[in-house]
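Here's my_file-v6.cif, which has mmCIF, C-alpha atoms and all ligand atoms:
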data_start
#
loop_
_atom_site.label_atom_id
_atom_site.label_comp_id
_atom_site.auth_asym_id
_atom_site.auth_seq_id
_atom_site.Cartn_x
_atom_site.Cartn_y
_atom_site.Cartn_z
CA MET A 32 32.73 77.88 111.73
CA PRO A 33 32.92 77.64 107.93
CA VAL A 34 35.35 79.96 106.15
CA ARG A 35 34.36 80.91 102.60
CA ARG A 36 37.39 81.30 100.35
CA GLY A 37 38.05 82.89 96.96
CA ALA A 38 37.55 80.21 94.28
CA SER A 39 40.84 81.00 92.58
CA THR A 40 42.99 80.86 95.74
CA PRO A 41 45.10 77.71 96.28
CA ASP A 42 43.36 77.15 99.63
CA ALA A 43 40.00 76.80 97.90
CA ALA A 44 41.06 73.87 95.69
CA ALA A 45 39.94 71.29 98.26
CA ASP A 46 36.69 73.21 98.88
CA LEU A 47 35.92 73.07 95.16
CA ASP A 48 36.49 69.30 95.15
CA VAL A 49 33.97 68.94 97.97
CA TYR A 50 31.61 71.26 96.10
CA ALA A 51 31.85 69.13 92.94
CA GLU A 52 31.14 65.97 94.93
CA GLY A 53 28.20 67.64 96.70
CA VAL A 54 26.69 68.78 93.39
CA ARG A 55 27.07 65.25 92.03
CA LEU A 56 25.25 63.81 95.06
CA MET A 57 22.48 66.41 94.86
CA ARG A 58 21.92 65.66 91.17
CA GLU A 59 21.82 61.95 91.97
CA ARG A 60 19.10 62.56 94.55
CA SER A 61 17.01 64.42 91.98
CA GLU A 62 17.46 61.64 89.46
CA GLN A 63 16.11 59.15 91.98
CA ASP A 64 13.29 61.43 93.12
CA GLN A 65 12.56 64.79 91.51
CA SER A 66 10.55 65.88 94.53
CA ASP A 67 13.45 65.40 96.96
CA PRO A 68 13.70 68.85 98.60
CA ILE A 69 17.47 68.70 98.97
CA GLY A 70 18.03 67.50 95.41
CA TRP A 71 19.57 69.76 92.76
CA TRP A 72 16.37 70.16 90.71
CA TYR A 73 14.09 71.03 93.63
CA GLN A 74 16.64 73.48 95.05
CA SER A 75 16.71 75.41 91.77
CA LEU A 76 12.92 75.65 91.72
CA ILE A 77 12.89 77.11 95.23
CA HIS A 78 14.56 80.07 93.55
CA GLY A 79 12.26 80.26 90.53
CA ASN A 80 11.18 78.93 87.18
CA PRO A 81 13.02 80.12 84.06
CA GLY A 82 10.34 82.62 83.02
CA ALA A 83 10.18 84.08 86.54
CA THR A 84 6.41 83.87 86.34
CA GLY A 85 6.23 83.25 90.08
CA TRP A 86 4.52 80.52 92.06
CA GLN A 87 1.92 78.56 90.07
CA PRO A 88 -1.08 76.77 91.60
CA GLY A 89 -0.31 73.10 92.19
CA GLU A 90 3.40 73.64 92.81
CA PRO A 91 4.97 72.95 96.21
CA ASP A 92 4.56 76.01 98.47
CA ASP A 93 8.27 76.69 98.61
CA TRP A 94 8.92 77.05 94.86
CA SER A 95 9.55 80.44 93.19
CA GLN A 96 10.36 82.15 96.46
CA CYS A 97 13.42 84.26 95.54
CA ARG A 98 13.28 87.95 96.44
CA HIS A 99 14.41 90.51 93.91
CA GLY A 100 13.86 94.25 93.58
CA SER A 101 13.41 94.92 97.29
CA TRP A 102 15.30 95.05 100.61
CA PHE A 103 14.81 91.29 101.00
CA PHE A 104 17.09 90.54 98.03
CA LEU A 105 20.24 90.26 100.19
CA PRO A 106 18.84 88.43 103.25
CA TRP A 107 16.71 85.96 101.27
CA HIS A 108 19.72 84.88 99.18
CA ARG A 109 21.93 84.78 102.29
CA ILE A 110 19.64 82.28 104.01
CA TYR A 111 19.21 80.28 100.78
CA LEU A 112 23.01 79.94 100.57
CA MET A 113 23.37 79.02 104.25
CA GLN A 114 20.90 76.19 103.76
CA PHE A 115 22.65 75.09 100.56
CA GLU A 116 25.95 75.02 102.46
CA ARG A 117 24.31 72.78 105.10
CA ILE A 118 23.08 70.40 102.39
CA ILE A 119 26.56 69.99 100.90
CA GLN A 120 28.10 69.61 104.37
CA SER A 121 25.59 66.95 105.28
CA LEU A 122 25.80 64.96 102.03
CA THR A 123 29.63 64.97 101.90
CA GLY A 124 30.21 64.64 105.64
CA GLU A 125 32.43 67.76 105.57
CA ALA A 126 30.85 69.55 108.52
CA ASP A 127 33.07 72.64 108.28
CA TRP A 128 32.91 73.12 104.53
CA GLY A 129 32.56 76.71 103.33
CA LEU A 130 31.08 77.62 99.94
CA PRO A 131 33.77 79.33 97.78
CA TYR A 132 33.03 82.70 96.18
CA TRP A 133 33.82 84.00 92.68
CA ASP A 134 35.61 87.31 93.10
CA TYR A 135 34.94 89.00 89.77
CA THR A 136 35.44 92.38 91.48
CA ASP A 137 39.13 91.63 90.93
CA PRO A 138 39.86 92.41 87.25
CA ASN A 139 42.17 89.37 87.15
CA GLU A 140 39.31 87.04 88.03
CA ILE A 141 36.63 88.14 85.62
CA GLN A 142 36.92 84.83 83.77
CA VAL A 143 35.01 81.80 84.99
CA PRO A 144 37.20 79.75 87.38
CA PRO A 145 38.75 76.85 85.39
CA GLN A 146 37.19 74.08 87.52
CA PHE A 147 33.79 75.18 86.16
CA LEU A 148 34.91 74.87 82.54
CA ASP A 149 36.05 71.24 82.77
CA GLU A 150 33.43 69.32 80.83
CA SER A 151 33.91 66.20 82.92
CA SER A 152 33.25 68.03 86.21
CA PRO A 153 29.85 68.25 87.93
CA LEU A 154 30.61 72.00 88.08
CA PHE A 155 30.24 72.31 84.30
CA ASP A 156 27.05 73.62 82.66
CA PRO A 157 26.89 73.23 78.85
CA ASP A 158 24.21 75.94 78.42
CA ARG A 159 26.37 78.96 79.24
CA THR A 160 26.75 81.54 76.48
CA LEU A 161 29.65 83.43 78.16
CA ARG A 162 29.36 86.69 76.26
CA PRO A 163 32.23 89.12 76.55
CA ARG A 164 31.95 90.70 79.97
CA THR A 165 30.63 94.27 79.87
CA VAL A 166 32.45 97.12 81.49
CA ALA A 167 30.15 98.41 84.18
CA ALA A 168 31.15 101.10 86.62
CA PRO A 169 31.32 99.56 90.14
CA THR A 170 29.11 101.97 92.06
CA TRP A 171 27.79 99.81 94.92
CA GLN A 172 30.37 101.07 97.42
CA ARG A 173 29.21 104.65 96.95
CA GLN A 174 25.64 104.01 98.05
CA GLY A 175 25.11 105.63 101.43
CA THR A 176 21.82 103.97 102.40
CA PHE A 177 20.70 100.37 102.51
CA ALA A 178 17.81 101.26 100.18
CA ALA A 179 20.22 102.54 97.53
CA PHE A 180 22.65 99.66 98.04
CA GLY A 181 20.42 96.67 98.71
CA GLY A 182 16.89 97.65 97.66
CA ARG A 183 13.90 99.59 98.96
CA PRO A 184 11.18 98.25 101.23
CA GLN A 185 8.84 95.84 99.54
CA THR A 186 5.91 98.05 98.60
CA ALA A 187 3.09 95.68 97.69
CA PRO A 188 2.43 92.04 98.65
CA GLY A 189 2.56 91.08 94.95
CA ASP A 190 6.11 92.45 94.79
CA TYR A 191 7.55 89.66 96.91
CA HIS A 192 9.19 87.77 94.03
CA ARG A 193 10.20 90.59 91.68
CA GLY A 194 9.84 93.96 93.33
CA ARG A 195 10.06 97.41 91.82
CA PHE A 196 13.08 98.97 93.50
CA PRO A 197 16.31 97.01 93.23
CA GLY A 198 19.41 98.35 94.98
CA ASP A 199 22.61 99.12 93.13
CA VAL A 200 24.44 95.90 94.07
CA GLU A 201 21.55 93.89 92.60
CA LEU A 202 21.80 95.71 89.26
CA ASN A 203 25.59 95.64 89.11
CA PRO A 204 27.44 93.34 89.48
CA HIS A 205 24.58 90.91 90.32
CA ASN A 206 22.43 91.24 87.19
CA VAL A 207 25.44 91.91 84.99
CA VAL A 208 27.08 88.59 85.95
CA HIS A 209 23.85 86.63 85.35
CA GLY A 210 23.69 88.13 81.86
CA PHE A 211 27.36 87.62 81.15
CA VAL A 212 27.24 83.90 81.97
CA GLY A 213 23.91 83.35 80.16
CA GLY A 214 22.23 79.99 79.59
CA ASP A 215 20.64 78.76 82.82
CA MET A 216 22.05 81.83 84.56
CA ALA A 217 19.96 84.14 82.36
CA GLY A 218 16.69 82.90 83.90
CA PHE A 219 15.20 82.48 87.36
CA GLN A 220 16.03 78.77 87.47
CA SER A 221 19.68 79.89 87.43
CA PRO A 222 20.71 77.75 90.46
CA LEU A 223 20.90 74.87 87.96
CA ASP A 224 24.32 76.28 87.07
CA PRO A 225 26.88 75.63 89.84
CA LEU A 226 28.25 79.12 89.09
CA PHE A 227 25.06 80.59 90.59
CA TRP A 228 26.09 79.63 94.11
CA ILE A 229 29.63 81.01 93.97
CA HIS A 230 28.26 84.16 92.28
CA HIS A 231 25.76 84.77 95.08
CA CYS A 232 28.43 83.96 97.63
CA ASN A 233 30.37 86.95 96.27
CA ILE A 234 27.28 89.21 96.37
CA ASP A 235 26.84 88.14 99.99
CA ARG A 236 30.47 89.08 100.64
CA LEU A 237 29.95 92.53 99.07
CA TRP A 238 27.10 93.10 101.57
CA GLU A 239 29.49 92.35 104.44
CA GLU A 240 32.11 94.63 102.87
CA TRP A 241 29.60 97.45 102.41
CA LEU A 242 28.73 97.31 106.12
CA THR A 243 32.38 98.02 106.99
CA LEU A 244 32.31 101.34 105.10
CA PRO A 245 31.69 104.53 107.11
CA GLY A 246 28.07 105.26 107.99
CA ARG A 247 26.59 102.13 106.40
CA ALA A 248 24.01 100.09 108.26
CA ASN A 249 21.28 97.52 107.79
CA PRO A 250 17.62 98.58 108.08
CA GLU A 251 16.34 98.87 111.65
CA ASP A 252 12.68 98.48 110.76
CA ASP A 253 10.83 95.63 112.48
CA GLU A 254 9.32 94.69 109.15
CA TRP A 255 12.78 93.83 107.84
CA LEU A 256 14.24 92.41 111.06
CA ASN A 257 11.31 90.15 111.93
CA THR A 258 10.64 88.68 108.51
CA THR A 259 11.49 84.98 108.40
CA PHE A 260 12.27 82.64 105.53
CA SER A 261 11.93 78.89 105.68
CA PHE A 262 13.88 76.32 103.65
CA PRO A 263 14.32 72.54 103.50
CA ASP A 264 17.04 71.37 105.87
CA PRO A 265 19.07 68.17 105.50
CA GLU A 266 19.00 67.42 109.26
CA GLU A 267 15.87 69.05 110.62
CA GLY A 268 13.42 68.71 107.73
CA ARG A 269 12.86 72.46 107.60
CA ARG A 270 14.56 75.45 109.10
CA THR A 271 13.16 78.95 109.58
CA VAL A 272 15.54 81.87 109.88
CA ARG A 273 14.79 85.45 110.97
CA VAL A 274 16.38 88.19 108.85
CA GLY A 275 17.45 90.14 111.94
CA ASP A 276 19.47 87.12 113.12
CA VAL A 277 21.67 86.97 110.01
CA GLY A 278 22.39 90.65 109.29
CA THR A 279 26.14 90.06 109.54
CA THR A 280 28.21 87.00 108.69
CA ALA A 281 29.36 86.75 112.31
CA ALA A 282 25.74 86.51 113.45
CA ALA A 283 25.00 84.05 110.65
CA GLY A 284 27.88 81.78 111.72
CA TYR A 285 30.45 81.86 108.92
CA SER A 286 33.18 84.19 107.67
CA TYR A 287 34.99 85.26 104.52
CA ASP A 288 38.76 84.84 104.19
CA VAL A 289 39.14 88.44 102.94
CA LEU A 290 36.84 91.32 102.11
CA PRO A 291 37.54 93.28 98.92
CA PRO A 292 39.70 96.37 99.51
CA PRO A 293 37.74 99.63 99.58
CA ASP A 294 37.73 101.47 96.28
CA GLU A 295 40.36 104.18 96.49
CA LEU A 296 38.47 106.38 94.05
CA ARG A 297 35.61 106.91 96.49
CA PRO A 298 35.16 110.68 96.95
CA ALA A 299 36.02 111.26 100.59
CA ALA A 300 33.70 114.25 100.95
CA MET A 301 30.66 112.26 99.89
CA LEU A 302 31.39 109.64 102.47
CA ALA A 303 31.91 112.25 105.17
CA ASP A 304 28.46 113.53 104.34
CA VAL A 305 27.01 110.08 104.76
CA VAL A 306 28.58 109.73 108.19
CA GLU A 307 27.65 113.13 109.56
CA ASN A 308 24.32 113.51 107.93
CA PRO A 309 22.93 110.08 107.09
CA ARG A 310 21.25 110.42 103.78
CA LYS A 311 17.69 109.30 103.33
CA ASP A 312 16.62 108.32 99.87
CA ASP A 313 13.34 110.09 100.44
CA ASP A 314 15.25 113.37 100.64
CA LEU A 315 15.69 113.42 96.88
CA ASP A 316 14.72 116.65 95.07
CA LEU A 317 13.46 116.39 91.50
CA VAL A 318 15.45 118.80 89.34
CA GLY A 319 14.31 117.88 85.86
CA ALA A 320 12.66 115.16 83.82
CA SER A 321 12.31 114.08 80.22
CA PRO A 322 9.02 115.19 78.64
CA GLY A 323 7.74 111.64 78.20
CA LYS A 324 8.43 108.01 77.55
CA GLY A 325 11.74 106.88 76.17
CA SER A 326 13.76 103.81 75.28
CA VAL A 327 17.37 102.84 74.74
CA ARG A 328 16.92 103.72 71.08
CA SER A 329 15.55 107.22 71.64
CA GLY A 330 17.79 108.06 74.60
CA ALA A 331 16.71 110.83 76.95
CA HIS A 332 17.12 114.58 77.12
CA ILE A 333 16.52 116.31 80.43
CA ASP A 334 16.29 120.08 80.85
CA VAL A 335 17.38 121.09 84.31
CA GLU A 336 15.06 123.70 85.79
CA HIS A 337 14.99 123.50 89.54
CA PRO A 338 17.12 126.12 91.33
CA ALA A 339 18.64 123.41 93.55
CA ALA A 340 20.03 121.81 90.43
CA GLU A 341 21.62 125.02 89.30
CA GLN A 342 23.12 125.35 92.69
CA ARG A 343 24.26 121.77 92.38
CA LEU A 344 25.58 121.97 88.85
CA LEU A 345 26.74 125.56 88.61
CA SER A 346 27.99 126.02 92.12
CA ASP A 347 31.30 127.79 92.29
CA ALA A 348 31.79 126.30 95.72
CA GLY A 349 34.95 124.27 96.17
CA PRO A 350 34.98 120.68 94.94
CA GLU A 351 34.57 119.34 98.46
CA GLU A 352 31.29 121.12 99.02
CA GLN A 353 30.06 120.05 95.62
CA GLN A 354 30.89 116.45 96.37
CA ALA A 355 28.89 116.58 99.56
CA ARG A 356 25.70 116.51 97.51
CA GLY A 357 24.48 113.70 95.34
CA LEU A 358 23.04 113.65 91.82
CA PHE A 359 21.02 110.70 90.56
CA LEU A 360 19.41 109.61 87.32
CA ARG A 361 16.32 107.43 87.50
CA LEU A 362 14.66 105.54 84.69
CA GLU A 363 11.21 105.27 86.22
CA ASN A 364 8.77 102.42 85.64
CA ALA A 365 11.10 100.65 83.25
CA GLY A 366 10.39 97.46 81.36
CA VAL A 367 11.93 95.62 78.43
CA GLU A 368 10.49 94.62 75.07
CA GLY A 369 12.04 91.34 73.85
CA GLY A 370 15.61 90.18 74.47
CA ASP A 371 16.88 88.28 77.52
CA ALA A 372 19.22 88.83 80.43
CA SER A 373 22.26 88.66 78.13
CA SER A 374 21.07 91.74 76.25
CA MET A 375 22.70 94.50 78.26
CA TRP A 376 23.06 98.19 77.54
CA ASN A 377 25.72 100.60 78.76
CA VAL A 378 24.43 103.97 79.94
CA TYR A 379 26.25 107.21 79.10
CA VAL A 380 25.53 110.67 80.43
CA ARG A 381 26.62 113.96 78.87
CA ILE A 382 26.26 117.14 80.84
CA ALA A 383 25.82 120.27 78.73
CA GLY A 384 27.09 118.56 75.63
CA GLY A 385 30.38 117.51 77.25
CA GLU A 386 32.11 114.15 77.00
CA PRO A 387 29.93 111.06 77.50
CA TYR A 388 30.58 109.24 80.78
CA LEU A 389 29.74 105.62 81.46
CA VAL A 390 27.52 105.63 84.54
CA GLY A 391 26.31 102.03 84.59
CA THR A 392 24.67 99.19 82.74
CA ILE A 393 21.09 98.12 82.25
CA ALA A 394 21.23 94.39 82.90
CA PRO A 395 17.61 93.25 82.64
CA PHE A 396 17.78 89.97 84.62
CA GLY A 397 14.18 88.96 85.31
CA LEU A 398 12.80 92.14 83.76
CA ALA A 399 11.32 90.48 80.67
CA GLY A 400 9.04 88.25 82.75
CA LEU A 401 8.15 91.13 85.03
CA THR A 402 7.28 93.34 82.04
CA GLU A 403 5.03 90.69 80.51
CA SER A 404 3.02 90.44 83.68
CA GLY A 405 2.58 94.23 83.75
CA GLY A 406 5.27 94.94 86.35
CA ARG A 407 7.91 97.67 86.13
CA GLN A 408 11.13 98.61 87.90
CA THR A 409 12.83 101.90 88.64
CA ILE A 410 16.51 101.83 87.75
CA THR A 411 18.79 104.34 89.49
CA PHE A 412 22.27 105.56 88.51
CA ASP A 413 24.53 107.61 90.75
CA LEU A 414 25.97 110.58 88.83
CA SER A 415 27.47 112.32 91.85
CA GLU A 416 31.02 111.55 90.89
CA ILE A 417 30.85 112.66 87.28
CA ALA A 418 28.83 115.79 87.97
CA ASP A 419 31.76 116.96 90.04
CA THR A 420 34.36 116.23 87.43
CA VAL A 421 32.57 118.00 84.61
CA ALA A 422 33.39 121.68 84.66
CA ALA A 423 30.98 122.98 82.09
CA GLU A 424 29.90 126.50 81.26
CA ASP A 425 26.32 125.71 80.38
CA THR A 426 24.83 123.02 82.57
CA SER A 427 21.19 123.38 81.68
CA ALA A 428 20.77 120.01 79.97
CA VAL A 429 21.65 116.39 80.53
CA ASP A 430 21.63 113.85 77.71
CA VAL A 431 21.47 110.13 78.30
CA THR A 432 22.52 107.73 75.57
CA PHE A 433 22.69 103.94 75.44
CA GLU A 434 24.94 101.49 73.66
CA PRO A 435 24.40 97.76 73.38
CA ALA A 436 27.03 96.02 75.53
CA GLY A 437 28.44 93.58 73.01
CA PRO A 438 27.32 92.15 69.66
CA ASP A 439 23.85 90.73 68.88
CA VAL A 440 22.09 92.59 71.64
CA GLU A 441 18.34 92.33 71.22
CA GLY A 442 15.43 93.78 73.10
CA GLU A 443 14.55 97.33 73.94
CA PRO A 444 14.44 98.58 77.53
CA PHE A 445 11.97 101.47 77.90
CA TRP A 446 10.67 103.72 80.70
CA GLU A 447 7.87 106.14 81.54
CA ARG A 448 10.12 109.00 82.53
CA ALA A 449 13.83 109.75 82.88
CA ALA A 450 14.34 112.02 85.87
CA LEU A 451 17.22 113.73 87.61
CA TYR A 452 17.35 114.16 91.38
CA THR A 453 19.70 115.77 93.85
CA THR A 454 20.00 114.95 97.51
CA ALA A 455 18.51 117.74 99.58
CA GLY A 456 21.90 119.00 100.78
CU1 LIG A 501 17.74 85.40 92.89
CU2 LIG A 501 21.10 86.01 91.23
O1 LIG A 501 19.30 85.64 91.70
#
Is it possible to give me this structure as structure tokens?
Amino acid sequence: MPVRRGASTPDAAADLDVYAEGVRLMRERSEQDQSDPIGWWYQSLIHGNPGATGWQPGEPDDWSQCRHGSWFFLPWHRIYLMQFERIIQSLTGEADWGLPYWDYTDPNEIQVPPQFLDESSPLFDPDRTLRPRTVAAPTWQRQGTFAAFGGRPQTAPGDYHRGRFPGDVELNPHNVVHGFVGGDMAGFQSPLDPLFWIHHCNIDRLWEEWLTLPGRANPEDDEWLNTTFSFPDPEEGRRTVRVGDVGTTAAAGYSYDVLPPPDELRPAAMLADVVENPRKDDDLDLVGASPGKGSVRSGAHIDVEHPAAEQRLLSDAGPEEQQARGLFLRLENAGVEGGDASSMWNVYVRIAGGEPYLVGTIAPFGLAGLTESGGRQTITFDLSEIADTVAAEDTSAVDVTFEPAGPDVEGEPFWERAALYTTAG
């Protein structure tokens, strides 16, 4: 059973050598025949074309198949990676090879692993822009439901490629890392960069980690469990895998050397609430909304009116009771004007004119293409933790401000409405 190791660990050095050789062989296959399904070029197009415009008539049926913005984001990429691992195993003859992962959740490993920066290595990609990495609050562990963590059910058939409701782990760190690396990684043909595969390997590992936290579980709906995805296979021609058969790494037939340690800052009371009273995302109560459209330049001002919000924000209950409820900001039906995935914005929230708190990052990977074709996404930020730490006298207003994350940030994310929700207690 393959073991997937951290790219910077000494044990992974040999795995990275096999990876480099596998990439070289896959590129060679594409050079000989661009339509070879297990070649490097074809594999990247299974994910998508750079503009993320989706499948185009005349293309092979299995191009532009990646799932984003819905609950299929995690399982689709898991199966894609499993098949990729089989291709490298088969081409190199290393039957037990495990794909390494890039553990940028460790502050010491934010930089690109050195093997990928060696210009003579097949793991190098000259197109990367490697902007300074933004500071984005790691909030994925706090999400109590699969919808909030991994994405909501796919709502319309047209949403299959770029859906409307990404989960938190897709926005950050997933989108953030695509934007930080830039170049090929900024578009939907990002698997052209060998970093793509070790990036997604880490996202896959965070899914496994999330499942170990109290009260977390995969969807139990037949629609999720019984969906299948089919990919080229180096031995069998094609292979079709059912989502319900790969919901854990044990079921999928591989393992990770270590899972990231749980975040010690997690508010214990919030987690207790998740365990005893599993939270449904549909239980959200609207407590206030901005009067109209907004953008990162205008910011957003939200007057809080609903009594539940006052209870939430003004409660003189002890901190534990306060933490047992959640507070969320949603930028609804968001799109982006101009810019690319490297143009990221940090999001700050001020409650009742207090100090601004960083609550997350808008990392618009894929959003430009979606916007052009008339699509929109709803971007959610979890404010539960900061709402509890702000002891303000007057809590009747929430201001949201945005700062470009780094120099030369172009583009202007916008939305129909900025709204504040609490969980229904
Ligand atoms: Cu389907 Cu990181 O992208």
Practice task
Would you kindly identify which residues have an atom no farther than 8 Å from (21.9, 105.8, 87.6), using all atoms listed in the file and the file's own coordinates, and write them out as a ChimeraX atom specification?
Solution key: /A:359-362,390-391,410-414
Exercise for the section: Please identify every polymer residue within 10 Å of ligand LIG 501 (chain A), using all atoms listed in the file, and present the set as a count of residues only. Expected result: 41
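Atom CA of Val212 of chain A lies 10.3 Å from atom CA of Asp156 of chain A.
Those residues that approach segment 124-127 of chain A to within 8 Å, counting all atoms listed in the file, are Met32, Pro33, Val34, Val49 and Ile119 of chain A; same-chain residues fewer than 5 positions away are not listed.
Nearest residue to Tyr132 of chain A, choosing from A:Ala187, A:Leu56, A:Ala45, A:Ala38 and counting only C-alpha atoms: A:Ala38.
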Only N, CA, C and O atoms, as a PDB file, in the first residue's frame: that is what I want for segment 202-213 of chain A.
ATOM      1  N   LEU A 202     -11.218  27.294  -0.765  1.00  0.00           N
ATOM      2  CA  LEU A 202     -10.830  28.706  -0.857  1.00  0.00           C
ATOM      3  C   LEU A 202      -9.436  28.923  -0.271  1.00  0.00           C
ATOM      4  O   LEU A 202      -8.618  29.640  -0.822  1.00  0.00           O
ATOM      5  N   ASN A 203      -9.196  28.283   0.861  1.00  0.00           N
ATOM      6  CA  ASN A 203      -7.946  28.502   1.593  1.00  0.00           C
ATOM      7  C   ASN A 203      -7.608  27.249   2.395  1.00  0.00           C
ATOM      8  O   ASN A 203      -8.401  26.865   3.235  1.00  0.00           O
ATOM      9  N   PRO A 204      -6.494  26.587   2.156  1.00  0.00           N
ATOM     10  CA  PRO A 204      -5.366  27.040   1.337  1.00  0.00           C
ATOM     11  C   PRO A 204      -5.442  26.706  -0.156  1.00  0.00           C
ATOM     12  O   PRO A 204      -4.564  27.158  -0.889  1.00  0.00           O
ATOM     13  N   HIS A 205      -6.425  25.953  -0.650  1.00  0.00           N
ATOM     14  CA  HIS A 205      -6.339  25.495  -2.044  1.00  0.00           C
ATOM     15  C   HIS A 205      -6.169  26.641  -3.046  1.00  0.00           C
ATOM     16  O   HIS A 205      -5.191  26.699  -3.782  1.00  0.00           O
ATOM     17  N   ASN A 206      -7.145  27.553  -3.096  1.00  0.00           N
ATOM     18  CA  ASN A 206      -7.059  28.642  -4.078  1.00  0.00           C
ATOM     19  C   ASN A 206      -5.851  29.542  -3.820  1.00  0.00           C
ATOM     20  O   ASN A 206      -5.210  30.029  -4.759  1.00  0.00           O
ATOM     21  N   VAL A 207      -5.581  29.767  -2.533  1.00  0.00           N
ATOM     22  CA  VAL A 207      -4.473  30.662  -2.170  1.00  0.00           C
ATOM     23  C   VAL A 207      -3.149  30.141  -2.734  1.00  0.00           C
ATOM     24  O   VAL A 207      -2.343  30.901  -3.286  1.00  0.00           O
ATOM     25  N   VAL A 208      -2.929  28.822  -2.651  1.00  0.00           N
ATOM     26  CA  VAL A 208      -1.656  28.261  -3.129  1.00  0.00           C
ATOM     27  C   VAL A 208      -1.580  28.318  -4.664  1.00  0.00           C
ATOM     28  O   VAL A 208      -0.524  28.615  -5.234  1.00  0.00           O
ATOM     29  N   HIS A 209      -2.705  28.071  -5.342  1.00  0.00           N
ATOM     30  CA  HIS A 209      -2.689  28.240  -6.805  1.00  0.00           C
ATOM     31  C   HIS A 209      -2.250  29.660  -7.174  1.00  0.00           C
ATOM     32  O   HIS A 209      -1.437  29.854  -8.073  1.00  0.00           O
ATOM     33  N   GLY A 210      -2.803  30.647  -6.464  1.00  0.00           N
ATOM     34  CA  GLY A 210      -2.498  32.039  -6.787  1.00  0.00           C
ATOM     35  C   GLY A 210      -1.078  32.417  -6.422  1.00  0.00           C
ATOM     36  O   GLY A 210      -0.423  33.171  -7.132  1.00  0.00           O
ATOM     37  N   PHE A 211      -0.599  31.866  -5.321  1.00  0.00           N
ATOM     38  CA  PHE A 211       0.754  32.164  -4.871  1.00  0.00           C
ATOM     39  C   PHE A 211       1.794  31.636  -5.865  1.00  0.00           C
ATOM     40  O   PHE A 211       2.741  32.326  -6.220  1.00  0.00           O
ATOM     41  N   VAL A 212       1.582  30.432  -6.373  1.00  0.00           N
ATOM     42  CA  VAL A 212       2.559  29.864  -7.316  1.00  0.00           C
ATOM     43  C   VAL A 212       2.447  30.583  -8.664  1.00  0.00           C
ATOM     44  O   VAL A 212       3.451  30.944  -9.273  1.00  0.00           O
ATOM     45  N   GLY A 213       1.226  30.817  -9.144  1.00  0.00           N
ATOM     46  CA  GLY A 213       1.038  31.547 -10.402  1.00  0.00           C
ATOM     47  C   GLY A 213       1.519  30.774 -11.620  1.00  0.00           C
ATOM     48  O   GLY A 213       1.845  29.591 -11.543  1.00  0.00           O
TER      49      GLY A 213
END
